[in-house]
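Asker: Structure below; questions to follow.
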Amino acid sequence: MTDTLHDGLADDSSSTDDAPVFVTSDLSVYYGAYRAVRNVSIDIRQNEITSFIGPSGCGKTTVLRCFNRMNDLIVGARVDGSILYRGIDLYGADVSAVEVRRHIGMVFQKPNPLPKSIYDNIAFGPRINGVRKRSELDDIVERSLVRAALWDEVKDRVKASALGLSGGQQQRLCIARTIAVEPDVILMDEPCSALDPIATGRIEELMQELKSDYSIVIVTHNMQQAARVSDRTAFFTVEVNPESDRRTGVLVEFDSTKKMFSNPADERTENYVTGRFG
Amino acid sequence: MDAPLDFRGKAGIADRLFGFAALAAGTIVLVALGTIAFTTTRRAWPALDAMGFDFITSTRWAPNDEVFGAGAFVYGTLVTSTIALVLAVPVSIGIALFTTQVAPPRWRKPIVYVVDLLAVIPSVVFGLWGILVFSKQVLPVYELLHGWFGGIPVIGALFGETGSGRNFMTAGIVLAVMITPIITSLSREVMDTCPTTDREGAYALGATRWEMIRGAVLPHSRNGLVGAVMLGLGRAMGETIAVALVIGSTVGVSANLFAAGDALPARIANEWGEAEGNWRAALVGLAVALFVITIIVNLAATAVVQRTGERGGRR
């Protein structure tokens with residue numbers, strides 16, 4: 001693939017809406033010699049919310065972090081198999097992880113605003129992308145906060161520290177910050193696990209609103225959340241090697257959320273979604 | 001209910017004892033500070049009383065004439081410490097960033113070890129190295145700098161003629177070497193506390209490593225870095241023997257960084273043995289002046305941290 005990431009994006013998004021955003025084939029992730037996840041093949045579709053569910057240690061977060069090459073930051077992490085993002089091999093030799101992350105944003109489990117003002121948190125991404133003009137930054141900050149349903153709560157204190165916001169507000173700030181760099185995909189790693197039910201509800205509403213513009217992949221511990229928000233669901237589980245006691249995550253089933261929760265093909269999925277396991 | 005409820009518990013006494021112990025420890029610091037300030041000022045009083053404000057403003061120091069102006073030494077202390085900070089701070093923060101953010105993990109230990117080793121070298125060793133080796137070998141460099149910049153207006157005044165290698169600049173450089181390990185160690189500690197989640201947050205927005213450092217690591221460590229620099233500055237201003245050996249021990253105020261001068265603690269050490277009467281009181285006065293300057297600098301630094309803190313990140 002000789003296209004740059006950016007050209008590839010422009011070509012495909014306009015022409016073929018049906019083509020998957022990510023095509024993952026036979027993906028395995030290793031930490032050193034230890035294989036954490038094996039042989040995951042999954043397609044992520046545009047303008048849909050795809051959720052990853054499964055018990056602890058099943059590798060759902062590990063797989064998610066492959067989509068924006070976040071695992072590169074872990075010493076010894078290695079990926080086998082391939083992830084095509086709009087036709088581009090994300091792990092290709094001439095693909096820069098920094099460039100990948102400018103297209104594929106991420107929201108984390110614990111709200112992680114930078115120790116700066118609300119304004120500077122959101123302006124950080126655009127600034128490193130070369131936006132310098134004050135008026136332009138003001139625009140982006142307001143637009144992103146509005147889009148993340150946070151503007152009304154903070155418009156009078158955008159210069160105040162982001163660390164003074166509540167947990168739910170901080171998480172919406174992190175979503176606003178992600179939107180500010182205009183990504184194509186938003187990855188969410190258990191974005192509500194540190195939030196109360198009301199804040200969780202707001203984030204879920206927000207995800208529905210964002211779906212029209214972005215493709216979203218969410219890892220969640222909460223099956224009800226997956227059932228509520230997502231269009232498709234992937235169920236991962238852990239296989240334990242009885243000899244070595246090594247645990248490896250595997251993808252069990254991937255289908256429409258409706259089917260996964262009403263009539264799954266695999267018995268393990270059935271057991272999990274009905275609460276008989278995990 | 002048969003037995004009456006007793007909620008008084010047993011922890012009360014232990015907790016109160018601990019509270020007293022902690023309070024006592026905290027109070028000792030204040031009492032010591034206050035006592036030092038009081039007794040030194042009292043011992044210095046004859047000279048301070050005789051000189052008035054001239055003690056600080058005058059740059060004439062002539063013990064034989066009973067004239068004691070500390071201005072030249074205050075100037076020397078400020079100039080050498082400034083040189084030391086200008087040189088040491090970028091290097092120290094650079095080393096700390098390298099060890100915490102850039103270097104492969106297996107390099108970290110050796111680097112930390114070598115830098116910390118620099119911190120345990122006694123200051124007299126630095127002073128002797130400065131006077132015997134460094135001040136001589138650096139002379140050609142000073143002459144070169146004088147040749148390059150000496151002719152430029154304003155800036156040229158800083159790079160004047162060089163007499164011996166013992167001058168403000170040499171003292172500043174030796175101090176820089178001495179405070180680098182302290183600033184490096186403390187900076188490294190605070191940078192290490194930057195949470196992985198903050199760093200990943202910046203990376204996830206498409207930041208390069210440098211952009212991540214500017215966006216996450218430095219804002220996170222800002223207060224700690226100021227503290228590290230302040231401790232380094234404290235050491236630079238208070239350093240006695242190394243400065244006494246390389247600064248040239250001359251009473252003089254000159255913009256020329258290559259001129260000999262003297263600093264407050266160095267002057268005290270040099271003259272204490274022969275001084276008596278008002279002369280001795282004046283030397284104690286130099287110590288009071290150093291004490292006051294240190295306090296002012298620290299208060300200023302705290303104010304700066306608070307001001308920028310309100311504007312920037314911290315709650």
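By convention here, the chains of the structure tokens are called A, B, ... in the order presented, each chain's residues are numbered starting at 1, and ligands are numbered starting at 1 in the order presented.
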Show me, as a PyMOL selection string, the residues of chain A whose atoms get within 7 Å of chain B, using only C-alpha atoms for the distance check.
Answerer: chain A and resi 98-99+101-102+105-106+112+114-117+125+128+161+163-164+178
Asker: Can you pull out the residues contacting Asp192 (chain B)? Cut-off 7 Å, using only C-alpha atoms, and skip same-chain residues under 3 positions away; I want them as a VMD selection string.
Answerer: chain B and resid 100 188 to 189
Asker: Taking a cut-off of 6 Å and counting only C-alpha atoms, can you build a table that, for each residue of region 51-106 of chain B near region 178-187 of chain B, reports the nearest atom pair and how far apart they are in Å (one decimal), sorted by chain then residue number, as CSV?
Answerer:
```
residue,atom,partner,partner_atom,distance
B:Ala88,CA,B:Thr180,CA,5.3
B:Ser92,CA,B:Thr184,CA,4.5
B:Ala96,CA,B:Thr184,CA,5.5
```
Asker: Name all residues at most 10 Å from region 36-47 of chain A (count only C-alpha atoms; drop same-chain ones fewer than 6 positions away) and give them as an MDAnalysis selection string.
Answerer: chainID A and resid 13 17:30 57:60 62:63 77 79:85 184:185 208 210:217 231:232 234 236:239 246:255
Asker: Write the residues of the selection above to a file with C-alpha atoms, as a JSON list (two decimals), in the first residue's frame.
Answerer:
```
[["chain", "number", "residue", "atom", "x", "y", "z"],
["A", 13, "SER", "CA", -14.94, 7.50, 2.97],
["A", 17, "ASP", "CA", -19.85, 3.58, 2.81],
["A", 18, "ASP", "CA", -20.38, -0.14, 3.06],
["A", 19, "ALA", "CA", -16.73, -1.07, 3.24],
["A", 20, "PRO", "CA", -15.65, -1.87, 6.80],
["A", 21, "VAL", "CA", -13.50, 0.69, 8.61],
["A", 22, "PHE", "CA", -11.33, -2.01, 10.10],
["A", 23, "VAL", "CA", -10.71, -5.46, 8.73],
["A", 24, "THR", "CA", -8.88, -7.53, 11.30],
["A", 25, "SER", "CA", -7.62, -10.91, 10.24],
["A", 26, "ASP", "CA", -5.98, -13.50, 12.38],
["A", 27, "LEU", "CA", -4.78, -10.96, 14.92],
["A", 28, "SER", "CA", -2.63, -12.23, 17.78],
["A", 29, "VAL", "CA", -1.01, -10.03, 20.39],
["A", 30, "TYR", "CA", 2.06, -11.03, 22.35],
["A", 57, "GLY", "CA", -8.45, -11.02, 31.02],
["A", 58, "CYS", "CA", -10.18, -11.99, 27.78],
["A", 59, "GLY", "CA", -8.09, -9.51, 25.79],
["A", 60, "LYS", "CA", -10.84, -7.14, 24.70],
["A", 62, "THR", "CA", -5.72, -5.46, 24.23],
["A", 63, "VAL", "CA", -7.47, -5.84, 20.88],
["A", 77, "ALA", "CA", 4.24, -5.94, 22.91],
["A", 79, "VAL", "CA", 1.27, -8.02, 16.92],
["A", 80, "ASP", "CA", 0.77, -10.87, 14.47],
["A", 81, "GLY", "CA", -1.80, -10.98, 11.70],
["A", 82, "SER", "CA", -3.14, -7.80, 10.17],
["A", 83, "ILE", "CA", -5.46, -4.87, 10.77],
["A", 84, "LEU", "CA", -6.49, -3.01, 7.66],
["A", 85, "TYR", "CA", -7.85, 0.47, 8.29],
["A", 184, "ASP", "CA", -12.66, 9.04, 11.94],
["A", 185, "VAL", "CA", -13.04, 6.43, 14.66],
["A", 208, "GLN", "CA", -25.77, 7.66, 20.07],
["A", 210, "LEU", "CA", -21.87, 10.82, 17.81],
["A", 211, "LYS", "CA", -22.65, 7.68, 15.84],
["A", 212, "SER", "CA", -23.81, 9.67, 12.83],
["A", 213, "ASP", "CA", -20.35, 11.16, 12.38],
["A", 214, "TYR", "CA", -18.03, 8.59, 13.82],
["A", 215, "SER", "CA", -17.52, 4.88, 14.03],
["A", 216, "ILE", "CA", -17.25, 3.82, 17.64],
["A", 217, "VAL", "CA", -15.71, 0.77, 19.23],
["A", 231, "ASP", "CA", -25.18, -2.30, 16.92],
["A", 232, "ARG", "CA", -22.80, -5.21, 16.92],
["A", 234, "ALA", "CA", -18.14, -9.24, 19.95],
["A", 236, "PHE", "CA", -14.36, -12.65, 23.95],
["A", 237, "THR", "CA", -13.43, -15.25, 26.51],
["A", 238, "VAL", "CA", -10.37, -16.69, 28.19],
["A", 239, "GLU", "CA", -8.93, -20.05, 27.38],
["A", 246, "ARG", "CA", -1.38, -19.73, 30.51],
["A", 247, "ARG", "CA", -4.44, -17.63, 29.76],
["A", 248, "THR", "CA", -5.19, -16.55, 26.24],
["A", 249, "GLY", "CA", -8.04, -14.38, 25.01],
["A", 250, "VAL", "CA", -10.10, -15.62, 22.09],
["A", 251, "LEU", "CA", -12.99, -14.21, 20.11],
["A", 252, "VAL", "CA", -15.99, -16.49, 20.56],
["A", 253, "GLU", "CA", -18.67, -14.85, 18.49],
["A", 254, "PHE", "CA", -19.33, -11.63, 16.65],
["A", 255, "ASP", "CA", -22.75, -10.68, 15.38]]
```
Asker: Using the chain letters and numbers from this document, which residues of region 19-250 of chain A does DSSP assign to strand (DSSP E or B), as a PyMOL selection string?
Answerer: chain A and resi 22-31+34-44+49-53+77-85+88-89+104-107+117+161+185-189+215-219+232-240+247-250
Asker: For Leu290 (chain B), find every residue with an atom within 8 Å (counting only C-alpha atoms), except residues of its own chain fewer than 5 positions away, and show them as a list in words.
Answerer: Val74, Met237, Gly238, Leu264 and Pro265 of chain B
Asker: Would you save the residues of that selection, restricted to C-alpha atoms, as a PDB file, in the first residue's frame?
Answerer:
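Below is the file out.pdb, written as the result:
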```
ATOM      1  CA  VAL B  74      25.360  40.186  47.507  1.00  0.00           C
ATOM      2  CA  MET B 237      23.790  30.516  47.071  1.00  0.00           C
ATOM      3  CA  GLY B 238      25.012  28.830  50.219  1.00  0.00           C
ATOM      4  CA  LEU B 264      28.640  36.226  50.807  1.00  0.00           C
ATOM      5  CA  PRO B 265      29.517  32.797  52.266  1.00  0.00           C
TER       6      PRO B 265
END
```
